Amino acid sequence: MSQIGSFALLLALGLSAYSFLAGLVALFGKDAASARLGETARRAGIATFAAVLLAGIVLVVAAFNDDFSIAYIFHHSNRDLPAAYKFAVLWSGQEGSLLFWSLLLAGYGFVLRLRYKTDQRLFAYASVIIAAVQVFFLLILNFAAHPFAIMQGALPADGTGLNPLLQYPEMVIHPPMLYLGYVGFTVPFAFALGALLMKYPGEKWIQITRRWTMVTWCFLTIGVFLGAHWAYAVLGWGGYWGWDPVENASLMPWLTGTAFLHSVMMQEKRGMLKVWNMSLIFATFLLSMLGTFLTRSGVISSVHAFAQSSIGTWFLVFIGLTVAVCTFSLIANRSHLKSEHKLESLVSRESSFLFNNLLLLVVCFTILWGTFFPILSEFVQGHKVTVGPPFFNRVAIPVALLLLLLTAVGPLLAWRKTSVESLKRNFLFPAIGSLAVGVMMIVFGVRPWEDPSFFYATMAAVLSALVIFTVISEFLRGGRVIAGKSQQNLLSAMVHLYHRNTRRYGGYIVHFGVALVVIGILGTPFNKEVEKEMGFGDKINIGPYTLVCQSYTQDDNPNYANEWAIINVFRGGKQITTMYPERRFYKASGQPQTLPRIYPSFREDLFLVTDVYLVYEGKNETTGRPIIKAHLNPLVPWIWIGLIIMVFGTIVALVPNAAVVQVAATTPVRAPAHAGAGD
Amino acid sequence: MKFPTWIRADSVPRVGTARVGTGDLARPSRAQLGNCPRLIRCLQAAALAAAVFLFTGAGDDSARFKDLGHRMMCTCGCGQVLLECNHVGCQTSTKMRDELQAALDRGDNDDLILQGFVQEYGPTVIAAPTATGFNRVAWVMPFLALALGVTFVVYLVRSWKNRPAPALADGITIPRGSELEEFREKARKETDL
């Protein structure tokens, strides 16, 4: 089995190296022989996917067959591991996850090479760049982190099992989503670098890569949020974001990718910011690589440091090479990126995009700075310092609030110039609505002047409301115009409106989702927690809930032994649910794991929904009674609802626009194009 | 994401001896401000409110316990804030919490407690860089980046706005003033989206 896998990896390396070298040579020629060589390179790229896929299948089959002669399977699986987690073994450790990364990259390359007829020359450049990245990963897989390495000595009877933290349903989908995001940014990077190297005329390459970029961004968004949800549902500390270096590493490319998605519109509409957009997409790809480097090098201490090895050096060299190539390409082709920057007004969509990019990059820089400051401190002061949540919260959150303000105001600004009257007209309803939300919070007892955390929570609520009301007013305003012209009802008119510019209105839906996520986060200062040892019938009162311990017991299965409590949850004297917080002891790995239980109170509080979050902390060895920690986390479910809406908005934005409806003009108009608001 | 430990009296970074609302900055004279004592009083009140807001510390022991516990890390290797370390059987966090409670019971002030923990567990026990020495750079850099970025973007926007319009081919004129407004109004009415 391992020989087949090893052979597949070697074959993939040979094919991708050929795809890179032959493709590179073909780019320099213009005769028929070069075209034929280029075609063989393209086919070799497609075949690379088949070879890497074979290697991936072999590793999964080995996990299902309990083939502990393969060291990777021995270290990450065991006989009694449930089937879903055996599948997840592929990305549970260093070597497997690199193979998975390589497989996804080969998959993206496969699709790209099949669609080469869209623009053969540009796709040939992109294919060569993807092949170069593929060669790097396959070199690591073949020579530094081989997933099919054989166990030395006697064949073990059973494996050491999968890390208990990873034995959770979300771990079957969180890493693939995150990797699809990380790896996916290779595609727009390849197109951007290719377009730069070949001095691609016009902005068509942006239109070609737009969907790639949005899909990739969507995957990364899902991956980041699923990671947060996993931390919330598994780690049992009652939170979902700890500013761990590896969490930060996933957020950085998301921030630059988000900045790119906004600023690229300025290039499409106005031909501006060409160098900036190129730099942003380069930075996004490099930050994805940096994230992988952080996860695997051990250079930064992290709770995710599941895989520390010498491959950090490989990544460092690759990142250095990529920076050199990108910088050289930008300098050598700077004349191609010259653009006419002209603004008509400070109050315009263009200005708002510039500030939006600035704030996103400042947040990104803050995170990068905070993540690497311990290393800098050690270099300068001779000792490390910790840069933890207090630093990031204090520095990043005020900037994030400014960003939220821009999210609300930006869509109200027109391209080129916005008149004060139009701003007043469009801003009035959202501003009044959001101020009303602030007043309501104070009326209901939030005192923003008493504590900074309450102040930030109030600000976040007001700004989120502003975003939501802005989105609603934009849909209503556009819908009314369409309804007036076409005699449709308002709802049909809004659907019609959306079809005319899916990207713009999809983007608004994403903004709506972001506002909901912020609402979910702003509940944090109002969290409550109580810890208590609970015997039969013992109670915990927390907020409006009474938790009664009905019983506690234990169980056993081949994979783990567990202890759990049965807690009845009452509200207003009425039982609303029963929860089973649990602690497991995994036999193969010998590691314990707590599994919190969460009850979101949608049925009781639709809008002010609260999570009742119970953790089985352990057992008092003297009395044998469980120690239960109860958290009350208001508004958290809105974060996950916000994610769903963000994903929905992205999907909506991916739908092609409907054909333009021709409306006969009653008066000939000579006005310049783009006079109104665009997307 | 933890909100409650954002800004506390003794954790706000200070540069040199400057304090919010005071310092040696050259104050504009009354004449410069114009004849508006009400404005001055408003500014003073705002500065006072900001100072109270920023420098008000936690008062009672349970709040101080929560505050200090969120300003330190558990040193067991879990990488979590002290009061959030929850892994089963963690001896380190239990011991550290007990030490923190004992220090509060003794009546030690916040600085003394943090110093004691640094001496026992090393500088990495503090969850964020202190506002001393080289560590100040950690706090200053993000805001410096923001300030420089804003300055640069404002400069960029102003210079792009002041650029002359590109020359047009013969016979083409750009509508300006009321003529442009007329076109804009027409366009707005017809494409009011």
# chains A, B, ... in the order shown; residues from 1 in each chain; ligands from 1

call {"tool": "closest_atom_pairs", "arguments": {"of": "chain A", "to": "chain B", "cutoff": "6 Å", "atoms": "only C-alpha atoms", "output": "JSON lines"}}
result
{"residue": "A:Trp237", "atom": "CA", "partner": "B:Glu84", "partner_atom": "CA", "distance": 5.6}
{"residue": "A:Trp241", "atom": "CA", "partner": "B:Met1", "partner_atom": "CA", "distance": 4.9}
{"residue": "A:Gly242", "atom": "CA", "partner": "B:Met1", "partner_atom": "CA", "distance": 5.9}
{"residue": "A:His341", "atom": "CA", "partner": "B:Trp160", "partner_atom": "CA", "distance": 5.8}
{"residue": "A:Lys342", "atom": "CA", "partner": "B:Trp160", "partner_atom": "CA", "distance": 4.8}
{"residue": "A:Leu343", "atom": "CA", "partner": "B:Lys161", "partner_atom": "CA", "distance": 4.5}
{"residue": "A:Glu344", "atom": "CA", "partner": "B:Lys161", "partner_atom": "CA", "distance": 5.5}
{"residue": "A:Thr366", "atom": "CA", "partner": "B:Pro142", "partner_atom": "CA", "distance": 5.4}
{"residue": "A:Val385", "atom": "CA", "partner": "B:Thr124", "partner_atom": "CA", "distance": 4.8}
{"residue": "A:Thr386", "atom": "CA", "partner": "B:Thr124", "partner_atom": "CA", "distance": 4.9}
{"residue": "A:Val387", "atom": "CA", "partner": "B:Ala128", "partner_atom": "CA", "distance": 4.7}
{"residue": "A:Gly388", "atom": "CA", "partner": "B:Ala127", "partner_atom": "CA", "distance": 5.0}
{"residue": "A:Pro390", "atom": "CA", "partner": "B:Trp6", "partner_atom": "CA", "distance": 5.9}
{"residue": "A:Phe391", "atom": "CA", "partner": "B:Ala128", "partner_atom": "CA", "distance": 5.3}
{"residue": "A:Arg394", "atom": "CA", "partner": "B:Trp6", "partner_atom": "CA", "distance": 5.1}
{"residue": "A:Ser453", "atom": "CA", "partner": "B:Pro4", "partner_atom": "CA", "distance": 5.5}
{"residue": "A:Gly478", "atom": "CA", "partner": "B:Leu193", "partner_atom": "CA", "distance": 4.7}
{"residue": "A:Pro525", "atom": "CA", "partner": "B:Phe3", "partner_atom": "CA", "distance": 5.6}
{"residue": "A:Ala671", "atom": "CA", "partner": "B:Phe183", "partner_atom": "CA", "distance": 5.2}
{"residue": "A:Gly676", "atom": "CA", "partner": "B:Arg188", "partner_atom": "CA", "distance": 5.9}

call {"tool": "write_last_selection", "arguments": {"atoms": "N, CA and C atoms", "output": "short mmCIF file (atom, residue, chain, number, x, y, z; two decimals), in the first residue's frame"}}
result
data_model
loop_
_atom_site.label_atom_id
_atom_site.label_comp_id
_atom_site.auth_asym_id
_atom_site.auth_seq_id
_atom_site.Cartn_x
_atom_site.Cartn_y
_atom_site.Cartn_z
N TRP A 237 -13.98 26.62 27.07
CA TRP A 237 -13.69 27.79 27.91
C TRP A 237 -14.75 28.87 27.75
N TRP A 241 -12.87 32.83 20.30
CA TRP A 241 -11.71 33.42 19.62
C TRP A 241 -10.70 33.82 20.68
N GLY A 242 -9.53 33.21 20.64
CA GLY A 242 -8.54 33.45 21.68
C GLY A 242 -7.32 34.21 21.20
N HIS A 341 -4.97 58.25 -12.07
CA HIS A 341 -5.74 58.41 -10.84
C HIS A 341 -6.34 59.81 -10.79
N LYS A 342 -7.63 59.85 -10.82
CA LYS A 342 -8.30 61.15 -10.79
C LYS A 342 -9.57 61.00 -9.98
N LEU A 343 -9.71 61.81 -8.95
CA LEU A 343 -10.93 61.80 -8.16
C LEU A 343 -11.67 63.11 -8.35
N GLU A 344 -12.99 63.01 -8.40
CA GLU A 344 -13.76 64.25 -8.55
C GLU A 344 -14.14 64.83 -7.21
N THR A 366 -1.81 45.00 12.61
CA THR A 366 -1.84 44.86 14.08
C THR A 366 -1.73 43.38 14.47
N VAL A 385 7.91 38.13 25.37
CA VAL A 385 6.75 38.63 26.11
C VAL A 385 5.52 37.98 25.49
N THR A 386 4.44 37.97 26.24
CA THR A 386 3.20 37.41 25.69
C THR A 386 2.38 38.53 25.07
N VAL A 387 1.89 38.28 23.87
CA VAL A 387 0.95 39.23 23.27
C VAL A 387 -0.36 38.46 23.10
N GLY A 388 -1.22 38.65 24.09
CA GLY A 388 -2.45 37.86 24.14
C GLY A 388 -3.69 38.68 23.88
N PRO A 390 -5.71 40.63 25.60
CA PRO A 390 -5.88 42.04 25.99
C PRO A 390 -5.28 43.01 24.98
N PHE A 391 -4.13 42.64 24.39
CA PHE A 391 -3.49 43.52 23.40
C PHE A 391 -4.38 43.65 22.16
N ARG A 394 -7.69 45.53 22.68
CA ARG A 394 -7.56 46.96 22.91
C ARG A 394 -7.17 47.70 21.63
N SER A 453 -15.92 48.29 28.21
CA SER A 453 -16.48 47.19 27.43
C SER A 453 -17.94 47.47 27.05
N GLY A 478 -34.16 51.06 -4.09
CA GLY A 478 -34.06 50.52 -5.46
C GLY A 478 -35.34 49.83 -5.87
N PRO A 525 -19.47 41.28 26.86
CA PRO A 525 -19.33 41.90 28.19
C PRO A 525 -20.44 41.50 29.16
N ALA A 671 -25.25 62.64 -20.34
CA ALA A 671 -24.48 62.64 -19.08
C ALA A 671 -23.38 61.59 -19.12
N GLY A 676 -24.64 57.63 -11.29
CA GLY A 676 -25.30 57.21 -10.05
C GLY A 676 -24.42 56.27 -9.27
#

call {"tool": "residues_around", "arguments": {"residues": "Val25 of chain A", "least_positions_apart": "4", "cutoff": "9 Å", "atoms": "only C-alpha atoms", "output": "PyMOL selection string"}}
result
chain A and resi 20-21+29+34+37-38

call {"tool": "write_last_selection", "arguments": {"atoms": "C-alpha atoms", "output": "PDB file, in the first residue's frame"}}
result
ATOM      1  CA  PHE A  20       6.262  23.853 -14.827  1.00  0.00           C
ATOM      2  CA  LEU A  21       9.424  23.571 -16.946  1.00  0.00           C
ATOM      3  CA  GLY A  29       8.115  30.596 -27.980  1.00  0.00           C
ATOM      4  CA  SER A  34       6.012  25.818 -28.495  1.00  0.00           C
ATOM      5  CA  LEU A  37       4.941  21.836 -25.788  1.00  0.00           C
ATOM      6  CA  GLY A  38       2.555  24.085 -23.875  1.00  0.00           C
TER       7      GLY A  38
END

call {"tool": "select_by_dssp", "arguments": {"residues": "segment 313-531 of chain A", "states": "alpha helix (DSSP H)", "output": "ChimeraX atom specification"}}
result
/A:313-332,349-381,389-409,420-443,452-486,490-500,502-521

call {"tool": "atom_distance", "arguments": {"atom1": "atom CA of Gly507 of chain A", "atom2": "atom CA of Leu401 of chain A"}}
result
18.9 Å

call {"tool": "atom_distance", "arguments": {"atom1": "atom CA of Phe49 of chain A", "atom2": "atom CA of Gly291 of chain A"}}
result
24.0 Å

call {"tool": "residues_around", "arguments": {"residues": "Lys417 of chain A", "least_positions_apart": "4", "cutoff": "9 Å", "atoms": "only C-alpha atoms", "output": "PDB file with C-alpha atoms, in the first residue's frame"}}
result
ATOM      1  CA  LEU A 343     -10.930  61.796  -8.156  1.00  0.00           C
ATOM      2  CA  GLU A 344     -13.758  64.246  -8.549  1.00  0.00           C
ATOM      3  CA  SER A 345     -14.716  64.449  -4.909  1.00  0.00           C
ATOM      4  CA  LEU A 346     -13.535  63.506  -1.458  1.00  0.00           C
ATOM      5  CA  VAL A 347     -17.029  62.243  -0.723  1.00  0.00           C
ATOM      6  CA  SER A 348     -17.188  59.382  -3.180  1.00  0.00           C
ATOM      7  CA  ARG A 349     -17.233  55.611  -3.361  1.00  0.00           C
ATOM      8  CA  GLU A 350     -13.574  55.679  -4.398  1.00  0.00           C
ATOM      9  CA  LEU A 413     -21.770  56.971  -1.599  1.00  0.00           C
ATOM     10  CA  ALA A 675     -23.262  59.120 -12.599  1.00  0.00           C
ATOM     11  CA  GLY A 676     -25.297  57.210 -10.048  1.00  0.00           C
TER      12      GLY A 676
END

call {"tool": "residues_around", "arguments": {"residues": "Ala157 of chain A", "least_positions_apart": "3", "cutoff": "12 Å", "atoms": "only C-alpha atoms", "output": "ChimeraX atom specification"}}
result
/A:66-69,74,77-79,154,160,588
